[in-house]
Amino acid sequence: MIPKLPEGSRVVVEHTGDPAGPHFHAGMPKGRGEDATREGVNFGWDGTDPVKDGFERYQKIDKPGGDHHLFYRKGSQCPG
Amino acid sequence: MSRVNDQPTHDLLSACRLVPLGAVHDDRLPSPEWAWHVTAGVRTPIAAVPMSAPDLGSVVDAEWLRLSRQHHVLDEQDTFLIALSRSRPWDKVRLTEHFRLAERLAGDNAPAGHAEFVTMATDGSVICGVTTEEYDVWLVVDSELLHTPPPSRAPATSPEPTPGKVDVSALQPMQIDRLFAPDSLTPPFRDGWVLLGFHRLAKRLVRLHELPDTFAETTASAWTGRHMTAGGDRLELSDDQALLIGDAVGVPVDTQRLVYSLEYQTAAKKAERSSGRPSG
């Protein structure tokens, strides 16, 4: 089950071509308050047109003191 | 135009060193929701400020002011409309010399300067929106898409689609979802058979159809060629079976993208599943 979060829609993205290196981070609806806690936001799960299909870009989720990025080394394998 | 702002809005606008002039409710203007979507969902920027800029808020504010003057978002009295959120009305405000927009209007839990707001000329002709991306704060100006009716407000060109009479092969799965299938069922829940459609690649439940009360164990058994019972396991259908059931009960079936299953669900199970989005 993917629970309905009281915080609203969330997305985890993988950026494979970022100049800073490949990484994951989390995203949420843009805005403040009621905008940021919206449910059922289409971050581009499907469709090709942001107008017709109604999807939108996300806002990065930050933690105090910085952003939540998980960088990884491309091509490396987890030991064991 | 209302002369009264609610207090939190008034306080926030004042903290931005704007003069609040009241909420504006005018159906002739593009809605704040659409202006936000154009800014934060669709358009690419006319200018971008790197997040690494020292005193980011001031730099963003300076860019916003430059573009807003250039594109006549500000009128001769330095008044304009601002949308603090998608669901609230426009607020008319007047700029003061020491305004601080980007610093005060950051997104939830975002640092000062990571701004999210939309401003519009008082006649609704043009917007200048500010939104924050991975490495930059974007400034978006638009006067065209803003005046295109959003899909939900566009006049209907055809009657409401009828399940079973729509060419689902021409639609994206998300469009099919919107037309026919809710993410979750709505109460009151009742015991009965459901047709579940899972995305072939994502393995995610994207369509959920309650079948009519006339769809009984014997019906399920007849369609599937298996002995189906109310308490039994979920059965994955062949594409042909799914298409036949879809035709019979009048729901669209898209076997190119979806794999279908048949399951009996109690009202309690439906209620439990509808409190979240089942993933499979």
# chains A, B, ... in the order shown; residues from 1 in each chain; ligands from 1
call {"tool": "interface_residues", "arguments": {"of": "chain A", "to": "chain B", "cutoff": "10 Å", "atoms": "only C-alpha atoms", "output": "PyMOL selection string"}}
result
chain A and resi 1-5+18+28-37+40+42-67
call {"tool": "residues_around", "arguments": {"residues": "segment 62-72 of chain B", "least_positions_apart": "5", "cutoff": "12 Å", "atoms": "only C-alpha atoms", "output": "PyMOL selection string"}}
result
chain B and resi 45-50+55-57+77-81+95-103+113+115-131+137-143
call {"tool": "write_last_selection", "arguments": {"atoms": "N, CA and C atoms", "output": "compact mmCIF listing (two decimals), in the first residue's frame"}}
result
# COMPACT_ATOMS: atom_id res chain seq x y z
N PRO B 45 11.73 29.30 -17.89
CA PRO B 45 11.97 30.66 -17.39
C PRO B 45 12.45 31.64 -18.46
N ILE B 46 12.16 32.89 -18.20
CA ILE B 46 12.70 33.98 -19.02
C ILE B 46 14.02 34.44 -18.40
N ALA B 47 14.19 34.15 -17.12
CA ALA B 47 15.45 34.44 -16.43
C ALA B 47 15.58 33.45 -15.28
N ALA B 48 16.83 33.18 -14.88
CA ALA B 48 17.06 32.25 -13.78
C ALA B 48 18.19 32.79 -12.91
N VAL B 49 17.99 32.71 -11.60
CA VAL B 49 19.01 33.16 -10.66
C VAL B 49 19.60 31.93 -9.98
N PRO B 50 20.92 31.73 -10.08
CA PRO B 50 21.53 30.56 -9.43
C PRO B 50 21.32 30.62 -7.91
N ASP B 55 23.11 36.58 -1.14
CA ASP B 55 21.89 37.33 -0.88
C ASP B 55 20.84 37.02 -1.95
N LEU B 56 20.56 35.72 -2.05
CA LEU B 56 19.68 35.21 -3.11
C LEU B 56 18.36 35.98 -3.20
N GLY B 57 17.73 36.21 -2.04
CA GLY B 57 16.43 36.88 -2.04
C GLY B 57 16.47 38.23 -2.72
N GLN B 77 0.93 53.06 -10.77
CA GLN B 77 0.89 53.29 -9.32
C GLN B 77 1.66 52.20 -8.55
N ASP B 78 2.37 51.37 -9.29
CA ASP B 78 3.10 50.26 -8.68
C ASP B 78 2.17 49.27 -7.98
N THR B 79 0.96 49.15 -8.48
CA THR B 79 0.06 48.13 -7.93
C THR B 79 0.05 46.92 -8.85
N PHE B 80 -0.24 45.78 -8.27
CA PHE B 80 -0.32 44.52 -9.02
C PHE B 80 -1.09 43.52 -8.18
N LEU B 81 -1.34 42.36 -8.74
CA LEU B 81 -2.01 41.28 -8.02
C LEU B 81 -0.98 40.22 -7.66
N LEU B 95 3.50 48.10 -4.25
CA LEU B 95 4.91 47.89 -3.92
C LEU B 95 5.40 49.05 -3.05
N THR B 96 6.30 48.74 -2.12
CA THR B 96 7.01 49.81 -1.41
C THR B 96 8.49 49.70 -1.75
N GLU B 97 9.21 50.69 -1.35
CA GLU B 97 10.61 50.77 -1.77
C GLU B 97 11.44 49.59 -1.27
N HIS B 98 11.15 49.14 -0.07
CA HIS B 98 12.00 48.10 0.54
C HIS B 98 11.31 46.74 0.55
N PHE B 99 10.65 46.41 -0.52
CA PHE B 99 9.91 45.14 -0.56
C PHE B 99 10.87 43.95 -0.43
N ARG B 100 10.35 42.85 0.16
CA ARG B 100 11.13 41.62 0.31
C ARG B 100 10.21 40.45 -0.04
N LEU B 101 10.14 40.08 -1.29
CA LEU B 101 9.23 39.01 -1.70
C LEU B 101 9.89 37.63 -1.59
N ALA B 102 11.00 37.47 -2.25
CA ALA B 102 11.61 36.13 -2.33
C ALA B 102 12.02 35.60 -0.96
N GLU B 103 12.44 36.49 -0.10
CA GLU B 103 12.86 36.06 1.23
C GLU B 103 11.66 35.56 2.04
N GLY B 113 14.56 32.84 0.06
CA GLY B 113 15.05 33.05 -1.30
C GLY B 113 14.60 31.97 -2.26
N ALA B 115 12.02 30.97 -3.65
CA ALA B 115 10.70 31.60 -3.69
C ALA B 115 9.67 30.84 -4.51
N GLU B 116 8.42 30.99 -4.10
CA GLU B 116 7.28 30.43 -4.82
C GLU B 116 6.15 31.44 -4.73
N PHE B 117 5.94 32.22 -5.76
CA PHE B 117 4.80 33.13 -5.79
C PHE B 117 4.52 33.54 -7.23
N VAL B 118 3.31 34.06 -7.44
CA VAL B 118 2.92 34.49 -8.78
C VAL B 118 2.32 35.89 -8.68
N THR B 119 2.76 36.77 -9.56
CA THR B 119 2.19 38.12 -9.61
C THR B 119 1.57 38.33 -10.99
N MET B 120 0.58 39.21 -11.03
CA MET B 120 -0.14 39.44 -12.30
C MET B 120 -0.54 40.91 -12.39
N ALA B 121 -0.59 41.42 -13.59
CA ALA B 121 -1.09 42.78 -13.81
C ALA B 121 -2.55 42.85 -13.35
N THR B 122 -2.97 44.01 -12.90
CA THR B 122 -4.33 44.13 -12.35
C THR B 122 -5.40 43.87 -13.40
N ASP B 123 -5.05 44.01 -14.68
CA ASP B 123 -6.04 43.70 -15.72
C ASP B 123 -5.94 42.24 -16.18
N GLY B 124 -5.06 41.47 -15.55
CA GLY B 124 -4.95 40.05 -15.87
C GLY B 124 -4.23 39.75 -17.17
N SER B 125 -3.55 40.73 -17.73
CA SER B 125 -2.95 40.53 -19.06
C SER B 125 -1.67 39.71 -19.06
N VAL B 126 -0.93 39.75 -17.97
CA VAL B 126 0.39 39.11 -17.97
C VAL B 126 0.76 38.71 -16.55
N ILE B 127 1.48 37.61 -16.43
CA ILE B 127 1.98 37.21 -15.11
C ILE B 127 3.50 37.22 -15.11
N CYS B 128 4.04 37.42 -13.92
CA CYS B 128 5.46 37.17 -13.67
C CYS B 128 5.49 36.28 -12.43
N GLY B 129 5.83 35.02 -12.63
CA GLY B 129 5.86 34.07 -11.53
C GLY B 129 7.28 33.72 -11.15
N VAL B 130 7.45 33.33 -9.91
CA VAL B 130 8.76 32.95 -9.41
C VAL B 130 8.65 31.56 -8.80
N THR B 131 9.50 30.65 -9.23
CA THR B 131 9.44 29.28 -8.74
C THR B 131 10.84 28.71 -8.66
N VAL B 137 16.51 29.71 -9.20
CA VAL B 137 15.17 30.26 -9.01
C VAL B 137 14.74 30.82 -10.37
N TRP B 138 13.63 30.30 -10.85
CA TRP B 138 13.16 30.67 -12.19
C TRP B 138 12.20 31.85 -12.11
N LEU B 139 12.29 32.71 -13.11
CA LEU B 139 11.31 33.78 -13.28
C LEU B 139 10.61 33.54 -14.61
N VAL B 140 9.31 33.44 -14.53
CA VAL B 140 8.49 33.04 -15.67
C VAL B 140 7.56 34.19 -16.04
N VAL B 141 7.56 34.56 -17.29
CA VAL B 141 6.62 35.59 -17.77
C VAL B 141 5.74 34.96 -18.83
N ASP B 142 4.45 35.21 -18.73
CA ASP B 142 3.53 34.62 -19.71
C ASP B 142 2.32 35.52 -19.89
N SER B 143 1.94 35.69 -21.15
CA SER B 143 0.71 36.44 -21.45
C SER B 143 -0.15 35.69 -22.46
call {"tool": "closest_atom_pairs", "arguments": {"of": "segment 22-61 of chain A", "to": "segment 70-74 of chain A", "cutoff": "10 Å", "atoms": "only C-alpha atoms", "output": "CSV"}}
result
residue,atom,partner,partner_atom,distance
A:Pro22,CA,A:Phe71,CA,5.9
A:His23,CA,A:Phe71,CA,4.1
A:Phe24,CA,A:Leu70,CA,5.1
A:His25,CA,A:Leu70,CA,6.2
A:Ala26,CA,A:Leu70,CA,9.5
call {"tool": "select_by_dssp", "arguments": {"residues": "chain A", "states": "strand (DSSP E)", "output": "list of chain:residue names"}}
result
A:Ile2, A:Pro3, A:Val11, A:Val12, A:Val13, A:Glu14, A:His15, A:His23, A:Phe24, A:His25, A:Ala26, A:Gly27, A:Met28, A:Pro29, A:Tyr58, A:Gln59, A:Lys60, A:Asp62, A:Lys63, A:Gly66, A:Asp67, A:His69, A:Leu70, A:Phe71
call {"tool": "write_last_selection", "arguments": {"atoms": "C-alpha atoms", "output": "PDB file, in the first residue's frame"}}
result
ATOM      1  CA  ILE A   2       1.124   3.544  -0.698  1.00  0.00           C
ATOM      2  CA  PRO A   3      -0.458   5.429   2.207  1.00  0.00           C
ATOM      3  CA  VAL A  11       7.961  11.898  -5.099  1.00  0.00           C
ATOM      4  CA  VAL A  12      11.417  10.318  -5.032  1.00  0.00           C
ATOM      5  CA  VAL A  13      13.468  11.158  -8.105  1.00  0.00           C
ATOM      6  CA  GLU A  14      16.720   9.837  -9.529  1.00  0.00           C
ATOM      7  CA  HIS A  15      18.837  12.283 -11.471  1.00  0.00           C
ATOM      8  CA  HIS A  23      21.710  11.083  -7.042  1.00  0.00           C
ATOM      9  CA  PHE A  24      18.299  10.607  -5.524  1.00  0.00           C
ATOM     10  CA  HIS A  25      16.243  13.164  -3.702  1.00  0.00           C
ATOM     11  CA  ALA A  26      12.683  13.721  -2.624  1.00  0.00           C
ATOM     12  CA  GLY A  27      10.132  16.211  -3.830  1.00  0.00           C
ATOM     13  CA  MET A  28       6.775  17.641  -2.794  1.00  0.00           C
ATOM     14  CA  PRO A  29       4.134  19.944  -4.285  1.00  0.00           C
ATOM     15  CA  TYR A  58       7.970  19.353  -7.760  1.00  0.00           C
ATOM     16  CA  GLN A  59       9.694  21.313  -5.038  1.00  0.00           C
ATOM     17  CA  LYS A  60      12.822  19.789  -3.550  1.00  0.00           C
ATOM     18  CA  ASP A  62      14.998  20.216   2.280  1.00  0.00           C
ATOM     19  CA  LYS A  63      16.124  19.251   5.725  1.00  0.00           C
ATOM     20  CA  GLY A  66      20.696  21.554   3.583  1.00  0.00           C
ATOM     21  CA  ASP A  67      18.901  19.496   1.052  1.00  0.00           C
ATOM     22  CA  HIS A  69      20.389  14.404  -1.714  1.00  0.00           C
ATOM     23  CA  LEU A  70      21.719  10.864  -1.807  1.00  0.00           C
ATOM     24  CA  PHE A  71      24.637  10.719  -4.228  1.00  0.00           C
TER      25      PHE A  71
END
call {"tool": "atom_distance", "arguments": {"atom1": "atom CA of Pro30 of chain B", "atom2": "atom CA of Leu146 of chain B"}}
result
6.6 Å
call {"tool": "atom_distance", "arguments": {"atom1": "atom CA of Phe198 of chain B", "atom2": "atom CA of Thr266 of chain B"}}
result
20.0 Å
call {"tool": "decode", "arguments": {"residues": "segment 26-68 of chain A", "atoms": "N, CA and C atoms", "output": "PDB file, in the first residue's frame"}}
result
ATOM      1  N   ALA A  26      14.140  13.760  -2.765  1.00  0.00           N
ATOM      2  CA  ALA A  26      12.683  13.721  -2.624  1.00  0.00           C
ATOM      3  C   ALA A  26      12.071  15.055  -3.014  1.00  0.00           C
ATOM      4  N   GLY A  27      10.819  14.996  -3.429  1.00  0.00           N
ATOM      5  CA  GLY A  27      10.132  16.211  -3.830  1.00  0.00           C
ATOM      6  C   GLY A  27       8.707  16.247  -3.297  1.00  0.00           C
ATOM      7  N   MET A  28       8.127  17.414  -3.318  1.00  0.00           N
ATOM      8  CA  MET A  28       6.775  17.641  -2.794  1.00  0.00           C
ATOM      9  C   MET A  28       6.083  18.696  -3.663  1.00  0.00           C
ATOM     10  N   PRO A  29       4.790  18.910  -3.484  1.00  0.00           N
ATOM     11  CA  PRO A  29       4.134  19.944  -4.285  1.00  0.00           C
ATOM     12  C   PRO A  29       4.709  21.324  -3.976  1.00  0.00           C
ATOM     13  N   LYS A  30       4.770  22.163  -4.978  1.00  0.00           N
ATOM     14  CA  LYS A  30       5.298  23.507  -4.772  1.00  0.00           C
ATOM     15  C   LYS A  30       4.316  24.357  -3.978  1.00  0.00           C
ATOM     16  N   GLY A  31       4.858  25.328  -3.280  1.00  0.00           N
ATOM     17  CA  GLY A  31       4.012  26.294  -2.595  1.00  0.00           C
ATOM     18  C   GLY A  31       4.137  26.221  -1.088  1.00  0.00           C
ATOM     19  N   ARG A  32       3.175  26.837  -0.439  1.00  0.00           N
ATOM     20  CA  ARG A  32       3.163  26.895   1.028  1.00  0.00           C
ATOM     21  C   ARG A  32       1.831  26.369   1.546  1.00  0.00           C
ATOM     22  N   GLY A  33       1.866  25.845   2.775  1.00  0.00           N
ATOM     23  CA  GLY A  33       0.639  25.463   3.471  1.00  0.00           C
ATOM     24  C   GLY A  33      -0.208  24.507   2.667  1.00  0.00           C
ATOM     25  N   GLU A  34      -1.430  24.911   2.372  1.00  0.00           N
ATOM     26  CA  GLU A  34      -2.379  24.007   1.713  1.00  0.00           C
ATOM     27  C   GLU A  34      -1.895  23.593   0.321  1.00  0.00           C
ATOM     28  N   ASP A  35      -1.116  24.442  -0.334  1.00  0.00           N
ATOM     29  CA  ASP A  35      -0.568  24.053  -1.644  1.00  0.00           C
ATOM     30  C   ASP A  35       0.415  22.896  -1.498  1.00  0.00           C
ATOM     31  N   ALA A  36       1.243  22.984  -0.473  1.00  0.00           N
ATOM     32  CA  ALA A  36       2.321  22.010  -0.309  1.00  0.00           C
ATOM     33  C   ALA A  36       1.826  20.681   0.246  1.00  0.00           C
ATOM     34  N   THR A  37       0.593  20.649   0.748  1.00  0.00           N
ATOM     35  CA  THR A  37       0.077  19.401   1.321  1.00  0.00           C
ATOM     36  C   THR A  37      -1.017  18.801   0.439  1.00  0.00           C
ATOM     37  N   ARG A  38      -1.048  19.197  -0.815  1.00  0.00           N
ATOM     38  CA  ARG A  38      -2.071  18.646  -1.713  1.00  0.00           C
ATOM     39  C   ARG A  38      -1.865  17.148  -1.943  1.00  0.00           C
ATOM     40  N   GLU A  39      -2.975  16.466  -2.108  1.00  0.00           N
ATOM     41  CA  GLU A  39      -2.987  15.022  -2.381  1.00  0.00           C
ATOM     42  C   GLU A  39      -3.116  14.789  -3.884  1.00  0.00           C
ATOM     43  N   GLY A  40      -2.675  13.648  -4.335  1.00  0.00           N
ATOM     44  CA  GLY A  40      -2.959  13.228  -5.703  1.00  0.00           C
ATOM     45  C   GLY A  40      -2.324  14.084  -6.769  1.00  0.00           C
ATOM     46  N   VAL A  41      -1.213  14.742  -6.451  1.00  0.00           N
ATOM     47  CA  VAL A  41      -0.548  15.588  -7.441  1.00  0.00           C
ATOM     48  C   VAL A  41       0.155  14.709  -8.471  1.00  0.00           C
ATOM     49  N   ASN A  42      -0.042  15.030  -9.720  1.00  0.00           N
ATOM     50  CA  ASN A  42       0.601  14.291 -10.807  1.00  0.00           C
ATOM     51  C   ASN A  42       1.937  14.956 -11.130  1.00  0.00           C
ATOM     52  N   PHE A  43       3.019  14.336 -10.686  1.00  0.00           N
ATOM     53  CA  PHE A  43       4.349  14.878 -10.946  1.00  0.00           C
ATOM     54  C   PHE A  43       4.899  14.386 -12.277  1.00  0.00           C
ATOM     55  N   GLY A  44       4.031  13.843 -13.093  1.00  0.00           N
ATOM     56  CA  GLY A  44       4.475  13.350 -14.385  1.00  0.00           C
ATOM     57  C   GLY A  44       4.502  11.842 -14.424  1.00  0.00           C
ATOM     58  N   TRP A  45       3.639  11.212 -13.615  1.00  0.00           N
ATOM     59  CA  TRP A  45       3.584   9.754 -13.601  1.00  0.00           C
ATOM     60  C   TRP A  45       3.257   9.241 -14.996  1.00  0.00           C
ATOM     61  N   ASP A  46       2.477  10.035 -15.700  1.00  0.00           N
ATOM     62  CA  ASP A  46       2.045   9.553 -16.994  1.00  0.00           C
ATOM     63  C   ASP A  46       1.653  10.761 -17.850  1.00  0.00           C
ATOM     64  N   GLY A  47       1.431  10.504 -19.116  1.00  0.00           N
ATOM     65  CA  GLY A  47       1.060  11.591 -20.009  1.00  0.00           C
ATOM     66  C   GLY A  47       2.288  12.288 -20.550  1.00  0.00           C
ATOM     67  N   THR A  48       2.058  13.192 -21.478  1.00  0.00           N
ATOM     68  CA  THR A  48       3.178  13.849 -22.135  1.00  0.00           C
ATOM     69  C   THR A  48       3.062  15.362 -22.127  1.00  0.00           C
ATOM     70  N   ASP A  49       1.915  15.877 -21.712  1.00  0.00           N
ATOM     71  CA  ASP A  49       1.678  17.304 -21.826  1.00  0.00           C
ATOM     72  C   ASP A  49       1.251  17.854 -20.464  1.00  0.00           C
ATOM     73  N   PRO A  50       2.036  18.811 -19.917  1.00  0.00           N
ATOM     74  CA  PRO A  50       1.708  19.295 -18.574  1.00  0.00           C
ATOM     75  C   PRO A  50       0.376  20.036 -18.503  1.00  0.00           C
ATOM     76  N   VAL A  51      -0.083  20.551 -19.636  1.00  0.00           N
ATOM     77  CA  VAL A  51      -1.385  21.237 -19.620  1.00  0.00           C
ATOM     78  C   VAL A  51      -2.495  20.207 -19.746  1.00  0.00           C
ATOM     79  N   LYS A  52      -2.439  19.444 -20.824  1.00  0.00           N
ATOM     80  CA  LYS A  52      -3.523  18.492 -21.093  1.00  0.00           C
ATOM     81  C   LYS A  52      -3.583  17.418 -20.010  1.00  0.00           C
ATOM     82  N   ASP A  53      -2.431  16.952 -19.589  1.00  0.00           N
ATOM     83  CA  ASP A  53      -2.412  15.874 -18.615  1.00  0.00           C
ATOM     84  C   ASP A  53      -2.270  16.371 -17.186  1.00  0.00           C
ATOM     85  N   GLY A  54      -2.099  17.679 -17.040  1.00  0.00           N
ATOM     86  CA  GLY A  54      -2.169  18.294 -15.717  1.00  0.00           C
ATOM     87  C   GLY A  54      -1.061  17.935 -14.759  1.00  0.00           C
ATOM     88  N   PHE A  55       0.145  17.668 -15.284  1.00  0.00           N
ATOM     89  CA  PHE A  55       1.200  17.394 -14.308  1.00  0.00           C
ATOM     90  C   PHE A  55       2.060  18.617 -14.064  1.00  0.00           C
ATOM     91  N   GLU A  56       2.772  18.585 -12.984  1.00  0.00           N
ATOM     92  CA  GLU A  56       3.508  19.764 -12.571  1.00  0.00           C
ATOM     93  C   GLU A  56       4.872  19.391 -12.019  1.00  0.00           C
ATOM     94  N   ARG A  57       5.745  20.385 -11.920  1.00  0.00           N
ATOM     95  CA  ARG A  57       7.074  20.142 -11.360  1.00  0.00           C
ATOM     96  C   ARG A  57       6.995  20.123  -9.832  1.00  0.00           C
ATOM     97  N   TYR A  58       7.979  19.481  -9.222  1.00  0.00           N
ATOM     98  CA  TYR A  58       7.970  19.353  -7.760  1.00  0.00           C
ATOM     99  C   TYR A  58       8.896  20.378  -7.127  1.00  0.00           C
ATOM    100  N   GLN A  59       8.755  20.510  -5.823  1.00  0.00           N
ATOM    101  CA  GLN A  59       9.694  21.313  -5.038  1.00  0.00           C
ATOM    102  C   GLN A  59      10.596  20.362  -4.269  1.00  0.00           C
ATOM    103  N   LYS A  60      11.888  20.615  -4.315  1.00  0.00           N
ATOM    104  CA  LYS A  60      12.822  19.789  -3.550  1.00  0.00           C
ATOM    105  C   LYS A  60      12.456  19.801  -2.077  1.00  0.00           C
ATOM    106  N   ILE A  61      12.614  18.687  -1.414  1.00  0.00           N
ATOM    107  CA  ILE A  61      12.399  18.662   0.031  1.00  0.00           C
ATOM    108  C   ILE A  61      13.741  18.894   0.719  1.00  0.00           C
ATOM    109  N   ASP A  62      13.763  19.881   1.567  1.00  0.00           N
ATOM    110  CA  ASP A  62      14.998  20.216   2.280  1.00  0.00           C
ATOM    111  C   ASP A  62      14.907  19.790   3.729  1.00  0.00           C
ATOM    112  N   LYS A  63      16.041  19.468   4.277  1.00  0.00           N
ATOM    113  CA  LYS A  63      16.124  19.251   5.725  1.00  0.00           C
ATOM    114  C   LYS A  63      16.793  20.484   6.319  1.00  0.00           C
ATOM    115  N   PRO A  64      16.694  20.675   7.631  1.00  0.00           N
ATOM    116  CA  PRO A  64      17.372  21.839   8.212  1.00  0.00           C
ATOM    117  C   PRO A  64      18.860  21.806   7.893  1.00  0.00           C
ATOM    118  N   GLY A  65      19.348  22.863   7.357  1.00  0.00           N
ATOM    119  CA  GLY A  65      20.778  22.953   7.084  1.00  0.00           C
ATOM    120  C   GLY A  65      21.206  22.486   5.712  1.00  0.00           C
ATOM    121  N   GLY A  66      20.285  21.982   4.921  1.00  0.00           N
ATOM    122  CA  GLY A  66      20.696  21.554   3.583  1.00  0.00           C
ATOM    123  C   GLY A  66      19.609  20.770   2.906  1.00  0.00           C
ATOM    124  N   ASP A  67      19.940  20.249   1.764  1.00  0.00           N
ATOM    125  CA  ASP A  67      18.901  19.496   1.052  1.00  0.00           C
ATOM    126  C   ASP A  67      19.156  17.995   1.190  1.00  0.00           C
ATOM    127  N   HIS A  68      18.141  17.242   0.863  1.00  0.00           N
ATOM    128  CA  HIS A  68      18.172  15.792   1.028  1.00  0.00           C
ATOM    129  C   HIS A  68      18.625  15.141  -0.272  1.00  0.00           C
TER     130      HIS A  68
END
